[in-house]
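Colleague: Sharing run.csv here; it has CSV, C-alpha atoms.
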chain,number,residue,atom,x,y,z
C,893,MET,CA,-50.8,-26.0,-68.5
C,894,ILE,CA,-48.1,-27.3,-66.1
C,895,TRP,CA,-47.1,-23.7,-65.3
C,896,SER,CA,-50.6,-22.5,-64.6
C,897,GLY,CA,-51.2,-25.6,-62.4
C,898,LEU,CA,-48.2,-24.8,-60.3
C,899,ILE,CA,-49.2,-21.1,-60.0
C,900,GLU,CA,-52.7,-22.1,-58.9
C,901,CYS,CA,-51.3,-24.5,-56.4
C,902,GLY,CA,-49.0,-21.8,-55.0
C,903,SER,CA,-51.7,-19.3,-54.6
C,904,LYS,CA,-53.9,-21.8,-52.8
C,905,ARG,CA,-51.0,-22.5,-50.4
C,906,ARG,CA,-50.4,-18.8,-49.9
C,907,SER,CA,-54.0,-18.1,-49.0
C,908,ARG,CA,-54.0,-21.0,-46.5
C,909,ALA,CA,-50.8,-19.7,-45.0
C,910,ARG,CA,-52.4,-16.2,-44.7
C,911,ARG,CA,-55.4,-17.8,-42.9
C,912,ILE,CA,-53.1,-19.6,-40.4
C,913,VAL,CA,-51.2,-16.4,-39.7
C,914,ALA,CA,-54.5,-14.5,-39.2
C,915,ILE,CA,-55.8,-17.1,-36.8
C,916,THR,CA,-52.5,-17.3,-34.8
C,917,LEU,CA,-52.4,-13.5,-34.5
C,918,GLY,CA,-56.1,-13.4,-33.4
C,919,LEU,CA,-55.4,-16.0,-30.8
C,920,ALA,CA,-52.3,-14.2,-29.6
C,921,VAL,CA,-54.2,-10.9,-29.2
C,922,GLY,CA,-57.1,-12.7,-27.6
C,923,MET,CA,-54.9,-14.3,-25.1
C,924,GLY,CA,-53.3,-11.0,-24.3
C,925,LEU,CA,-56.6,-9.3,-23.7
C,926,THR,CA,-58.0,-12.2,-21.6
C,927,GLY,CA,-55.2,-11.7,-19.1
C,928,SER,CA,-52.1,-13.7,-19.8
C,929,TYR,CA,-50.1,-10.4,-19.3
C,930,ALA,CA,-52.0,-9.5,-16.2
C,931,GLU,CA,-50.2,-12.4,-14.4
C,932,VAL,CA,-47.0,-10.3,-14.3
C,933,ASN,CA,-47.4,-8.6,-11.0
C,934,GLN,CA,-46.4,-5.0,-10.3
C,935,PRO,CA,-43.3,-5.0,-8.1
C,936,VAL,CA,-44.0,-4.8,-4.4
C,937,PHE,CA,-41.2,-3.4,-2.1
C,938,PRO,CA,-40.9,-2.2,1.4
C,939,SER,CA,-41.7,1.5,2.1
C,940,ALA,CA,-38.8,3.8,2.9
C,941,ARG,CA,-38.0,5.4,6.2
C,942,GLY,CA,-38.2,9.2,6.3
C,943,ASP,CA,-40.8,11.6,5.0
C,944,GLN,CA,-39.9,12.3,1.4
C,945,CYS,CA,-37.4,11.2,-1.2
C,946,VAL,CA,-34.6,13.5,-2.4
C,947,GLU,CA,-36.5,14.0,-5.7
C,948,PRO,CA,-40.1,13.5,-6.8
C,949,VAL,CA,-41.0,9.8,-7.2
C,950,ASP,CA,-41.6,9.9,-10.9
C,951,VAL,CA,-38.2,11.7,-11.5
C,952,MET,CA,-36.5,9.1,-9.3
C,953,ARG,CA,-38.1,6.2,-11.1
C,954,ARG,CA,-36.9,7.5,-14.5
C,955,ASP,CA,-33.5,9.1,-13.6
C,956,HIS,CA,-32.2,7.6,-10.4
C,957,PHE,CA,-29.2,6.0,-12.2
C,958,GLU,CA,-28.3,9.4,-13.8
C,959,PHE,CA,-28.2,11.0,-10.3
C,960,LEU,CA,-26.2,8.1,-9.0
C,961,LYS,CA,-23.7,8.1,-11.8
C,962,HIS,CA,-23.2,11.9,-11.6
C,963,GLN,CA,-22.7,11.7,-7.8
C,964,ARG,CA,-20.3,8.7,-8.2
C,965,ASP,CA,-17.9,10.7,-10.4
C,966,LYS,CA,-18.1,13.7,-8.1
C,967,THR,CA,-17.4,11.5,-5.0
C,968,VAL,CA,-14.6,9.4,-6.5
C,969,HIS,CA,-12.8,12.1,-8.4
C,970,GLU,CA,-13.5,15.3,-6.4
C,971,GLY,CA,-14.2,13.9,-2.9
C,972,ILE,CA,-17.7,15.5,-2.7
C,973,ARG,CA,-19.6,13.3,-0.3
C,974,THR,CA,-23.0,15.0,0.0
C,975,PRO,CA,-25.6,12.3,0.8
C,976,ARG,CA,-28.4,13.7,-1.4
C,977,HIS,CA,-27.7,11.6,-4.5
C,978,SER,CA,-25.4,9.1,-3.1
C,979,LEU,CA,-26.0,5.3,-3.2
C,980,ALA,CA,-25.3,5.1,0.5
C,981,GLY,CA,-28.0,7.8,1.0
C,982,CYS,CA,-30.5,5.7,-0.9
C,983,ILE,CA,-29.7,2.5,1.1
C,984,ASP,CA,-29.8,4.3,4.4
C,985,CYS,CA,-33.5,5.1,3.8
C,986,HIS,CA,-34.6,2.2,1.6
C,987,ALA,CA,-33.1,-0.8,3.4
C,988,ASP,CA,-35.8,-2.8,5.3
C,989,LYS,CA,-35.3,-4.7,8.5
C,990,ASP,CA,-36.1,-8.4,9.2
C,991,PRO,CA,-38.4,-9.4,12.2
C,992,GLN,CA,-35.3,-9.5,14.4
C,993,GLY,CA,-34.5,-5.9,13.5
C,994,ARG,CA,-31.5,-6.6,11.4
C,995,PHE,CA,-31.1,-4.7,8.1
C,996,LEU,CA,-31.7,-6.7,4.9
C,997,PRO,CA,-29.6,-6.1,1.8
C,998,VAL,CA,-31.4,-3.9,-0.8
C,999,ASN,CA,-30.6,-6.4,-3.5
C,1000,ALA,CA,-32.2,-9.4,-1.7
C,1001,LYS,CA,-35.3,-10.9,-3.2
C,1002,GLY,CA,-38.3,-8.6,-2.7
C,1003,GLN,CA,-36.2,-5.7,-1.4
C,1004,PHE,CA,-36.2,-2.2,-2.8
C,1005,CYS,CA,-33.6,-2.3,-5.6
C,1006,GLN,CA,-34.1,-6.0,-6.6
C,1007,SER,CA,-37.9,-6.0,-6.9
C,1008,CYS,CA,-38.0,-3.2,-9.5
C,1009,HIS,CA,-34.9,-4.4,-11.4
C,1010,VAL,CA,-36.4,-7.9,-11.8
C,1011,TYR,CA,-39.7,-6.4,-13.0
C,1012,THR,CA,-37.9,-4.3,-15.6
C,1013,ALA,CA,-35.3,-7.0,-16.5
C,1014,VAL,CA,-32.4,-4.8,-15.5
C,1015,LYS,CA,-29.3,-6.4,-14.3
C,1016,ILE,CA,-27.1,-4.0,-12.2
C,1017,ASP,CA,-23.6,-4.6,-10.9
C,1018,CYS,CA,-23.6,-2.1,-8.0
C,1019,PHE,CA,-23.6,-4.6,-5.2
C,1020,SER,CA,-20.7,-6.8,-6.2
C,1021,CYS,CA,-18.6,-4.0,-4.8
C,1022,HIS,CA,-20.9,-1.7,-2.8
C,1023,ALA,CA,-22.4,-2.5,0.6
C,1024,ALA,CA,-26.1,-3.3,0.2
C,1025,ARG,CA,-26.9,-2.6,3.9
C,1026,PRO,CA,-26.8,0.8,5.6
C,1027,SER,CA,-23.5,2.0,7.0
C,1028,GLU,CA,-22.5,1.1,10.5
C,1029,ARG,CA,-23.3,4.5,11.7
C,1030,VAL,CA,-26.9,4.2,10.5
C,1031,SER,CA,-27.2,0.6,11.7
C,1032,GLN,CA,-26.3,1.6,15.2
C,1033,SER,CA,-28.9,4.4,15.4
C,1034,PRO,CA,-32.3,3.4,16.7
E,1129,MET,CA,-29.5,16.5,-16.9
E,1130,ASP,CA,-30.6,19.2,-14.4
E,1131,MET,CA,-29.1,18.3,-11.1
E,1132,LYS,CA,-30.5,21.4,-9.3
E,1133,ASP,CA,-32.9,21.1,-6.5
E,1134,SER,CA,-36.3,21.1,-8.1
E,1135,ASN,CA,-38.2,21.8,-4.9
E,1136,PRO,CA,-35.9,23.6,-2.5
E,1137,THR,CA,-38.6,24.5,0.0
E,1138,SER,CA,-39.9,21.0,0.5
E,1139,ALA,CA,-39.3,19.2,3.7
E,1140,ARG,CA,-36.5,16.9,2.8
E,1141,ARG,CA,-35.8,13.5,4.2
E,1142,THR,CA,-33.6,13.8,7.1
E,1143,PHE,CA,-30.6,11.7,6.5
E,1144,PHE,CA,-29.3,9.7,9.4
E,1145,THR,CA,-25.8,10.6,8.4
E,1146,GLN,CA,-26.5,14.3,8.7
E,1147,ALA,CA,-28.6,14.1,11.8
E,1148,SER,CA,-26.2,15.2,14.5
E,1149,ALA,CA,-27.1,16.8,17.8
E,1150,GLY,CA,-23.6,18.3,17.8
E,1151,VAL,CA,-24.2,20.4,14.7
E,1152,ALA,CA,-27.4,21.8,16.4
E,1153,LEU,CA,-25.5,22.7,19.5
E,1154,LEU,CA,-22.7,24.4,17.5
E,1155,ALA,CA,-25.0,26.5,15.4
E,1156,LEU,CA,-26.9,28.9,17.7
E,1157,ALA,CA,-28.2,30.9,14.8
E,1158,PRO,CA,-27.3,31.2,11.2
E,1159,GLY,CA,-23.7,32.3,11.0
E,1160,VAL,CA,-23.2,32.2,14.8
E,1161,ARG,CA,-21.3,29.2,16.2
E,1162,LEU,CA,-20.0,28.5,19.6
E,1163,VAL,CA,-17.2,26.4,18.1
E,1164,ASP,CA,-16.0,26.6,14.6
E,1165,LEU,CA,-16.2,23.4,12.7
E,1166,ALA,CA,-12.7,23.9,11.4
E,1167,LEU,CA,-13.2,21.7,8.4
E,1168,ALA,CA,-10.5,21.9,5.8
E,1169,ARG,CA,-13.3,22.2,3.2
E,1170,GLU,CA,-17.0,22.0,3.0
E,1171,GLN,CA,-18.8,18.8,2.2
E,1172,ASP,CA,-19.9,20.0,-1.2
E,1173,GLU,CA,-16.6,21.6,-2.1
E,1174,PRO,CA,-14.2,19.6,-4.4
E,1175,ALA,CA,-10.7,18.6,-3.3
E,1176,SER,CA,-8.3,21.3,-4.2
E,1177,ALA,CA,-4.7,21.5,-5.3
E,1178,THR,CA,-4.0,24.1,-2.6
E,1179,GLN,CA,-3.5,21.0,-0.3
E,1180,ARG,CA,-1.3,18.1,-0.8
E,1181,TRP,CA,-1.8,15.3,1.7
E,1182,GLY,CA,1.2,13.3,2.8
E,1183,LEU,CA,2.8,11.2,5.5
E,1184,LEU,CA,6.1,11.2,7.3
E,1185,VAL,CA,7.3,7.8,8.6
E,1186,ASP,CA,9.8,8.1,11.4
E,1187,VAL,CA,11.7,4.8,11.0
E,1188,ASP,CA,13.5,5.2,14.3
E,1189,ARG,CA,10.1,5.1,16.1
E,1190,CYS,CA,8.7,2.2,14.1
E,1191,VAL,CA,8.9,-1.0,16.1
E,1192,SER,CA,9.8,-4.3,14.6
E,1193,GLY,CA,7.0,-6.9,15.1
E,1194,CYS,CA,4.4,-4.2,15.6
E,1195,ASP,CA,1.7,-4.3,12.9
E,1196,ALA,CA,-0.9,-1.9,14.4
E,1197,CYS,CA,-1.0,0.1,11.2
E,1198,VAL,CA,-1.5,-2.9,9.0
E,1199,SER,CA,-4.4,-4.3,11.2
E,1200,ALA,CA,-6.0,-0.9,11.5
E,1201,CYS,CA,-6.0,-0.6,7.7
E,1202,HIS,CA,-7.5,-4.1,7.3
E,1203,THR,CA,-10.2,-3.3,9.9
E,1204,GLU,CA,-11.0,0.1,8.4
E,1205,HIS,CA,-11.4,-1.2,4.8
E,1206,GLY,CA,-12.7,-4.7,5.5
E,1207,LEU,CA,-9.6,-6.4,4.0
E,1208,ASP,CA,-10.5,-9.8,5.1
E,1209,GLY,CA,-8.1,-12.2,3.4
E,1210,ASN,CA,-8.6,-15.8,2.4
E,1211,GLU,CA,-5.5,-17.0,4.1
E,1212,ARG,CA,-3.7,-16.8,0.8
E,1213,PRO,CA,-0.8,-14.3,1.3
E,1214,GLN,CA,0.3,-14.5,-2.3
E,1215,THR,CA,-3.0,-13.0,-3.5
E,1216,ASP,CA,-4.7,-11.4,-0.5
E,1217,ALA,CA,-5.2,-7.7,-0.7
E,1218,GLN,CA,-2.4,-5.7,1.0
E,1219,TRP,CA,-2.6,-1.9,1.1
E,1220,ILE,CA,0.1,-1.5,3.7
E,1221,ARG,CA,2.8,-3.9,4.7
E,1222,LYS,CA,5.7,-4.0,7.2
E,1223,VAL,CA,9.2,-4.4,5.8
E,1224,ASP,CA,12.1,-5.4,8.0
E,1225,LEU,CA,15.6,-4.5,6.7
E,1226,VAL,CA,19.1,-5.4,8.0
E,1227,ASP,CA,22.2,-3.5,7.1
E,1228,ASN,CA,24.6,-6.3,6.3
E,1229,ASN,CA,27.7,-4.2,7.1
E,1230,THR,CA,26.6,-3.0,10.5
E,1231,GLY,CA,23.8,-5.3,11.5
E,1232,HIS,CA,21.5,-2.4,12.1
E,1233,GLN,CA,17.9,-3.4,11.8
E,1234,LEU,CA,15.1,-1.3,10.5
E,1235,SER,CA,11.3,-1.8,10.3
E,1236,LEU,CA,9.0,0.4,8.3
E,1237,PRO,CA,5.6,0.5,6.8
E,1238,LEU,CA,5.3,0.5,3.0
E,1239,MET,CA,2.2,1.6,1.1
E,1240,CYS,CA,1.2,3.7,-1.9
E,1241,GLN,CA,3.6,6.6,-1.9
E,1242,HIS,CA,1.1,9.0,-3.5
E,1243,CYS,CA,3.5,10.2,-6.2
E,1244,GLU,CA,3.2,13.5,-7.9
E,1245,GLU,CA,4.2,11.8,-11.1
E,1246,PRO,CA,2.6,8.4,-10.6
E,1247,PRO,CA,3.7,5.6,-13.0
E,1248,CYS,CA,0.4,3.8,-12.3
E,1249,VAL,CA,-1.5,6.8,-13.8
E,1250,ASP,CA,0.8,6.9,-16.8
E,1251,VAL,CA,0.2,3.4,-17.8
E,1252,CYS,CA,-3.6,3.0,-17.1
E,1253,PRO,CA,-5.3,2.4,-20.4
E,1254,THR,CA,-8.8,3.5,-19.2
E,1255,GLY,CA,-7.9,6.6,-17.0
E,1256,SER,CA,-9.1,4.7,-14.0
E,1257,SER,CA,-5.9,5.3,-12.1
E,1258,PHE,CA,-5.8,9.0,-11.3
E,1259,ARG,CA,-4.4,11.6,-9.0
E,1260,ARG,CA,-6.9,13.6,-7.1
E,1261,ALA,CA,-6.4,17.4,-7.0
E,1262,ASP,CA,-5.1,17.2,-3.4
E,1263,GLY,CA,-2.5,14.6,-4.4
E,1264,ILE,CA,-4.2,11.3,-3.3
E,1265,VAL,CA,-3.6,8.6,-5.9
E,1266,LEU,CA,-6.7,6.4,-6.4
E,1267,VAL,CA,-8.4,3.8,-8.6
E,1268,ASP,CA,-11.8,4.6,-10.0
E,1269,LYS,CA,-13.0,1.0,-9.8
E,1270,HIS,CA,-16.1,1.9,-12.0
E,1271,THR,CA,-13.7,2.1,-15.0
E,1272,CYS,CA,-10.9,-0.3,-13.9
E,1273,ILE,CA,-10.8,-3.3,-16.3
E,1274,GLY,CA,-8.4,-5.2,-14.1
E,1275,CYS,CA,-5.5,-5.3,-16.6
E,1276,ARG,CA,-3.0,-4.8,-13.8
E,1277,TYR,CA,-0.6,-2.6,-15.8
E,1278,CYS,CA,-0.5,-0.3,-12.8
E,1279,MET,CA,0.6,-3.1,-10.6
E,1280,MET,CA,3.6,-3.8,-12.9
E,1281,ALA,CA,4.4,-0.1,-13.2
E,1282,CYS,CA,4.4,0.7,-9.4
E,1283,PRO,CA,8.0,0.6,-8.1
E,1284,TYR,CA,6.7,0.1,-4.6
E,1285,LYS,CA,4.5,-3.0,-5.2
E,1286,ALA,CA,1.8,-1.0,-3.5
E,1287,ARG,CA,-1.2,-2.3,-5.4
E,1288,SER,CA,-3.3,-5.5,-5.1
E,1289,PHE,CA,-5.8,-7.2,-7.4
E,1290,ILE,CA,-9.0,-8.7,-6.1
E,1291,HIS,CA,-9.1,-12.3,-7.4
E,1292,GLU,CA,-12.3,-13.5,-5.8
E,1293,ASP,CA,-15.9,-12.5,-5.2
E,1294,LEU,CA,-16.3,-10.5,-2.0
E,1295,THR,CA,-19.1,-10.0,0.5
E,1296,GLY,CA,-19.6,-7.8,3.5
E,1297,GLN,CA,-17.8,-4.7,2.1
E,1298,LYS,CA,-17.8,-1.5,4.1
E,1299,THR,CA,-20.0,1.4,2.9
E,1300,HIS,CA,-17.0,3.7,2.7
E,1301,ALA,CA,-14.7,1.2,1.0
E,1302,PRO,CA,-16.4,-0.4,-2.0
E,1303,ARG,CA,-14.3,-3.3,-3.3
E,1304,GLY,CA,-14.9,-6.0,-5.9
E,1305,LYS,CA,-13.5,-8.8,-8.0
E,1306,GLY,CA,-11.6,-7.9,-11.1
E,1307,THR,CA,-10.4,-4.5,-10.0
E,1308,VAL,CA,-7.1,-3.2,-8.6
E,1309,GLU,CA,-6.8,-1.3,-5.3
E,1310,SER,CA,-4.3,0.3,-3.0
E,1311,CYS,CA,-3.9,2.6,-0.1
E,1312,THR,CA,-6.4,5.5,-0.5
E,1313,LEU,CA,-4.7,7.5,2.3
E,1314,CYS,CA,-8.1,6.8,4.0
E,1315,VAL,CA,-9.6,9.4,1.6
E,1316,HIS,CA,-13.1,8.9,3.2
E,1317,ARG,CA,-11.6,10.0,6.5
E,1318,VAL,CA,-9.5,12.8,5.0
E,1319,ASP,CA,-12.7,14.2,3.5
E,1320,ARG,CA,-14.2,14.5,6.9
E,1321,ASP,CA,-11.0,16.0,8.3
E,1322,GLU,CA,-9.7,12.9,10.1
E,1323,SER,CA,-6.3,11.2,9.9
E,1324,PRO,CA,-5.8,7.9,8.2
E,1325,ALA,CA,-6.5,4.7,10.2
E,1326,CYS,CA,-2.9,3.7,10.3
E,1327,VAL,CA,-1.7,7.0,11.7
E,1328,GLU,CA,-4.4,6.9,14.4
E,1329,ALA,CA,-3.4,3.3,15.3
E,1330,CYS,CA,0.3,4.1,15.5
E,1331,THR,CA,-0.4,7.0,17.8
E,1332,ASP,CA,-2.8,4.9,19.9
E,1333,VAL,CA,-0.1,2.3,20.6
E,1334,GLY,CA,2.2,5.1,21.6
E,1335,HIS,CA,4.8,4.8,18.8
E,1336,GLN,CA,3.9,8.0,17.0
E,1337,ALA,CA,6.0,6.9,14.0
E,1338,LEU,CA,3.5,8.3,11.5
E,1339,VAL,CA,2.6,11.9,10.9
E,1340,PHE,CA,-0.2,12.9,8.5
E,1341,GLY,CA,-0.8,16.3,7.2
E,1342,ASP,CA,-0.8,18.9,4.4
E,1343,ILE,CA,2.6,19.3,2.8
E,1344,ASN,CA,1.6,22.6,1.3
E,1345,ASP,CA,0.4,24.2,4.6
E,1346,ARG,CA,3.5,25.7,6.3
E,1347,ASN,CA,1.7,25.7,9.7
E,1348,ASP,CA,0.9,22.0,9.5
E,1349,PRO,CA,2.9,19.8,11.8
E,1350,LEU,CA,3.8,17.6,8.9
E,1351,ALA,CA,5.1,20.4,6.8
E,1352,THR,CA,7.0,21.8,9.8
E,1353,GLN,CA,8.7,18.5,10.4
E,1354,LEU,CA,9.6,18.0,6.8
E,1355,ALA,CA,11.1,21.6,6.7
E,1356,GLU,CA,13.1,21.1,9.9
E,1357,THR,CA,14.4,17.6,9.7
E,1358,THR,CA,16.0,15.4,7.0
E,1359,SER,CA,13.7,13.0,5.3
E,1360,ARG,CA,13.9,11.1,2.1
E,1361,GLU,CA,11.8,9.5,-0.6
E,1362,LEU,CA,12.0,5.9,-1.5
E,1363,ARG,CA,13.5,5.4,-4.9
E,1364,ALA,CA,14.2,9.2,-5.2
E,1365,ASP,CA,16.2,8.4,-8.3
E,1366,LEU,CA,12.8,7.9,-10.1
E,1367,LYS,CA,11.9,11.5,-9.5
E,1368,LEU,CA,8.3,10.7,-8.7
E,1369,ASN,CA,8.1,13.3,-5.8
E,1370,THR,CA,6.3,11.1,-3.4
E,1371,ALA,CA,4.0,12.4,-0.7
E,1372,VAL,CA,5.2,9.7,1.7
E,1373,ARG,CA,8.6,10.5,3.2
E,1374,TYR,CA,10.8,8.6,5.5
E,1375,ARG,CA,13.0,9.8,8.3
E,1376,GLY,CA,15.9,7.8,9.8
E,1377,LEU,CA,16.4,5.7,6.8
Could I get this structure in the form of structure tokens?

Modeller:
Amino acid sequence: MIWSGLIECGSKRRSRARRIVAITLGLAVGMGLTGSYAEVNQPVFPSARGDQCVEPVDVMRRDHFEFLKHQRDKTVHEGIRTPRHSLAGCIDCHADKDPQGRFLPVNAKGQFCQSCHVYTAVKIDCFSCHAARPSERVSQSP
Amino acid sequence: MDMKDSNPTSARRTFFTQASAGVALLALAPGVRLVDLALAREQDEPASATQRWGLLVDVDRCVSGCDACVSACHTEHGLDGNERPQTDAQWIRKVDLVDNNTGHQLSLPLMCQHCEEPPCVDVCPTGSSFRRADGIVLVDKHTCIGCRYCMMACPYKARSFIHEDLTGQKTHAPRGKGTVESCTLCVHRVDRDESPACVEACTDVGHQALVFGDINDRNDPLATQLAETTSRELRADLKLNTAVRYRGL
């Protein structure tokens, strides 16, 4: 009798737990559908100068770091300094200017690199060493 | 991954770095140029072992108290110190020597000697210290872990460690905390067929104590001078075959 009572008690508890889990899940899904996720805004960043990127946009979004890494090794070890896939080349086109006409760093809040990396929760370390503004040569051109 | 041009006919972005009226003037038609660009190698061509870049320091021409080469190096690479001489980066320094027997005084610049057998490369645990095909000894800071074995191995004390966070680096000279660095022989300038900043500065102040060139090219002024006059390596006993040679020492 004692054993069966315990079992009965346990099964009641389990079914209550199941109900709670179901309600919680339902609430969570409901909240998701009613727009709690929609509050995360798509990244907004300044448009680039120039006509077209060095690769199609979808390719760049997915693989830009592969291009950069490949180019980095070619530049450092072999001295190949073609601007096509170079970080400096990216910055030359994607750095925005402030109202006074001065270049802003691409890793500043709301700027090209930073806005997407915040959205995707990616933390990069490029700009602790690399310049985040265009080179002097580009800065001096109109 | 495929690194080839996926759309070669598309109108590509015009890079500001490439936009040059001079290039347009020089190229009248494909393959016809008024003036040959005379680049040692094309922009997309890797550095090759047919060249070996080097320096000749004429100690007799080097003036005590002049630090034009050092300041030019600092300006070129943005080596702004923190007024802490013990730890501030130093890619090139002036050394003053006195012969105690004769009282003869010497002044000379000392920097990475770009050895053919570099001890820094031997000891680097990550392969970050390396010798480029054309003889320039560099640090790949992407893989440098800041262990500083190379600094201990270098007989010339040519390397520096970056102890503090930096801002305002130059595009052509990326530098950051936790990595080791040294004279790059101004590799970014060499790659566009220019002389290192120190050599240019020394010539500009009229001392002409530094000659830069290709040791392997017999027609090069550096190779000619090395062939015709006596020069020596620092610590030749170590048999490192340095690319920086000294005359008048």

Colleague: Quick one: everything within 8 Å of range 1301-1313 of chain E, counting all atoms listed in the file, minus sequence neighbours fewer than 3 positions away in the same chain. Send it as a PDB file with C-alpha atoms, in the coordinates of the input.

Modeller:
ATOM      1  CA  SER C1020     -20.700  -6.800  -6.200  1.00  0.00           C
ATOM      2  CA  CYS C1021     -18.600  -4.000  -4.800  1.00  0.00           C
ATOM      3  CA  HIS C1022     -20.900  -1.700  -2.800  1.00  0.00           C
ATOM      4  CA  ALA C1023     -22.400  -2.500   0.600  1.00  0.00           C
TER       5      ALA C1023
ATOM      6  CA  HIS E1205     -11.400  -1.200   4.800  1.00  0.00           C
ATOM      7  CA  GLY E1206     -12.700  -4.700   5.500  1.00  0.00           C
ATOM      8  CA  GLN E1218      -2.400  -5.700   1.000  1.00  0.00           C
ATOM      9  CA  TRP E1219      -2.600  -1.900   1.100  1.00  0.00           C
ATOM     10  CA  ILE E1220       0.100  -1.500   3.700  1.00  0.00           C
ATOM     11  CA  MET E1239       2.200   1.600   1.100  1.00  0.00           C
ATOM     12  CA  CYS E1240       1.200   3.700  -1.900  1.00  0.00           C
ATOM     13  CA  ILE E1264      -4.200  11.300  -3.300  1.00  0.00           C
ATOM     14  CA  VAL E1265      -3.600   8.600  -5.900  1.00  0.00           C
ATOM     15  CA  LEU E1266      -6.700   6.400  -6.400  1.00  0.00           C
ATOM     16  CA  VAL E1267      -8.400   3.800  -8.600  1.00  0.00           C
ATOM     17  CA  LYS E1269     -13.000   1.000  -9.800  1.00  0.00           C
ATOM     18  CA  CYS E1272     -10.900  -0.300 -13.900  1.00  0.00           C
ATOM     19  CA  ILE E1273     -10.800  -3.300 -16.300  1.00  0.00           C
ATOM     20  CA  GLY E1274      -8.400  -5.200 -14.100  1.00  0.00           C
ATOM     21  CA  ARG E1276      -3.000  -4.800 -13.800  1.00  0.00           C
ATOM     22  CA  MET E1279       0.600  -3.100 -10.600  1.00  0.00           C
ATOM     23  CA  ALA E1286       1.800  -1.000  -3.500  1.00  0.00           C
ATOM     24  CA  ARG E1287      -1.200  -2.300  -5.400  1.00  0.00           C
ATOM     25  CA  SER E1288      -3.300  -5.500  -5.100  1.00  0.00           C
ATOM     26  CA  PHE E1289      -5.800  -7.200  -7.400  1.00  0.00           C
ATOM     27  CA  ILE E1290      -9.000  -8.700  -6.100  1.00  0.00           C
ATOM     28  CA  HIS E1291      -9.100 -12.300  -7.400  1.00  0.00           C
ATOM     29  CA  GLU E1292     -12.300 -13.500  -5.800  1.00  0.00           C
ATOM     30  CA  ASP E1293     -15.900 -12.500  -5.200  1.00  0.00           C
ATOM     31  CA  LEU E1294     -16.300 -10.500  -2.000  1.00  0.00           C
ATOM     32  CA  GLN E1297     -17.800  -4.700   2.100  1.00  0.00           C
ATOM     33  CA  LYS E1298     -17.800  -1.500   4.100  1.00  0.00           C
ATOM     34  CA  VAL E1318      -9.500  12.800   5.000  1.00  0.00           C
ATOM     35  CA  PRO E1324      -5.800   7.900   8.200  1.00  0.00           C
TER      36      PRO E1324
END

Colleague: Here is a test: counting only C-alpha atoms, which residue of E:Val1223, E:Thr1295, E:Asn1369, E:Leu1338 is nearest to Pro997 in chain C?

Modeller: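 Of all the options, E:Thr1295 lies closest to Pro997 in chain C.
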
Colleague: Using all atoms listed in the file, determine which residues lie at most 12 Å from Asp1345 in chain E, disregarding the query and same-chain residues fewer than 6 positions distant; provide the list as a list in words.

Modeller: Ala1168, Ala1177, Thr1178, Gln1179, Arg1180, Trp1181, Gly1182, Asp1262, Ala1351, Thr1352, Gln1353, Leu1354 and Ala1355 of chain E

Colleague: Quote the spacing between CA of Ser1323 in chain E and CA of Val1339 in chain E in Å to one decimal place.

Modeller: 9.0 Å

Colleague: From the options C:Asp988, C:Asp955, C:His977, C:Glu947, which residue's atoms come nearest to Lys1001 in chain C, counting all atoms listed in the file?

Modeller: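 Using all atoms listed in the file, Lys1001 in chain C sits closest to C:Asp988.
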
Colleague: For CA of Ile972 in chain C and CA of Asp1172 in chain E, quote the distance in Å rounded to one decimal.

Modeller: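 Going from CA of Ile972 in chain C over to CA of Asp1172 in chain E covers 5.2 Å.
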
Colleague: Near chain E, which residues of chain C fall within 9 Å when you count all atoms listed in the file, and what do they look like as a PyMOL selection string?

Modeller: chain C and resi 941-948+958-959+962+964-976+980-981+984-985+1019-1030+1033

Colleague: Report the distance between CA of His986 in chain C and CA of Phe1004 in chain C in Å, rounded to one decimal place.

Modeller: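 Taking CA of His986 in chain C as the start and CA of Phe1004 in chain C as the end point, the length is 6.4 Å.
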
Colleague: Any idea what's packed within 9 Å of Tyr1011 in chain C, counting all atoms listed in the file, ignoring anything in its chain fewer than 2 positions away? Could you give it as a list in words?

Modeller: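 That gives Val932, Asn933, Gln934, Pro935, Gln1006, Ser1007, Cys1008, His1009, Ala1013 and Val1014 of chain C.
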
Colleague: Please produce a file of the residues just selected, as an mmCIF file, in the frame of the given file, where the atoms kept are C-alpha atoms.

Modeller:
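Saved result, selection_26.cif, follows:
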data_model
loop_
_atom_site.group_PDB
_atom_site.id
_atom_site.type_symbol
_atom_site.label_atom_id
_atom_site.label_comp_id
_atom_site.auth_asym_id
_atom_site.auth_seq_id
_atom_site.Cartn_x
_atom_site.Cartn_y
_atom_site.Cartn_z
ATOM 1 C CA VAL C 932 -47.000 -10.300 -14.300
ATOM 2 C CA ASN C 933 -47.400 -8.600 -11.000
ATOM 3 C CA GLN C 934 -46.400 -5.000 -10.300
ATOM 4 C CA PRO C 935 -43.300 -5.000 -8.100
ATOM 5 C CA GLN C 1006 -34.100 -6.000 -6.600
ATOM 6 C CA SER C 1007 -37.900 -6.000 -6.900
ATOM 7 C CA CYS C 1008 -38.000 -3.200 -9.500
ATOM 8 C CA HIS C 1009 -34.900 -4.400 -11.400
ATOM 9 C CA ALA C 1013 -35.300 -7.000 -16.500
ATOM 10 C CA VAL C 1014 -32.400 -4.800 -15.500
#

Colleague: Let me make sure I understand: among C:Val949, C:Leu960, C:Arg954, C:Ile915, which one has the smallest atom-to-atom distance to Thr1012 in chain C if we use only C-alpha atoms?

Modeller: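 Nearest to Thr1012 in chain C: C:Arg954.
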
Colleague: What lies within 12 Å of range 1187-1193 of chain E using all atoms listed in the file, ignoring chain neighbours under 4 positions off, as a ChimeraX atom specification?

Modeller: /E:1197-1198,1221-1226,1232-1238,1327,1330-1331,1333-1339,1359-1360,1373-1377
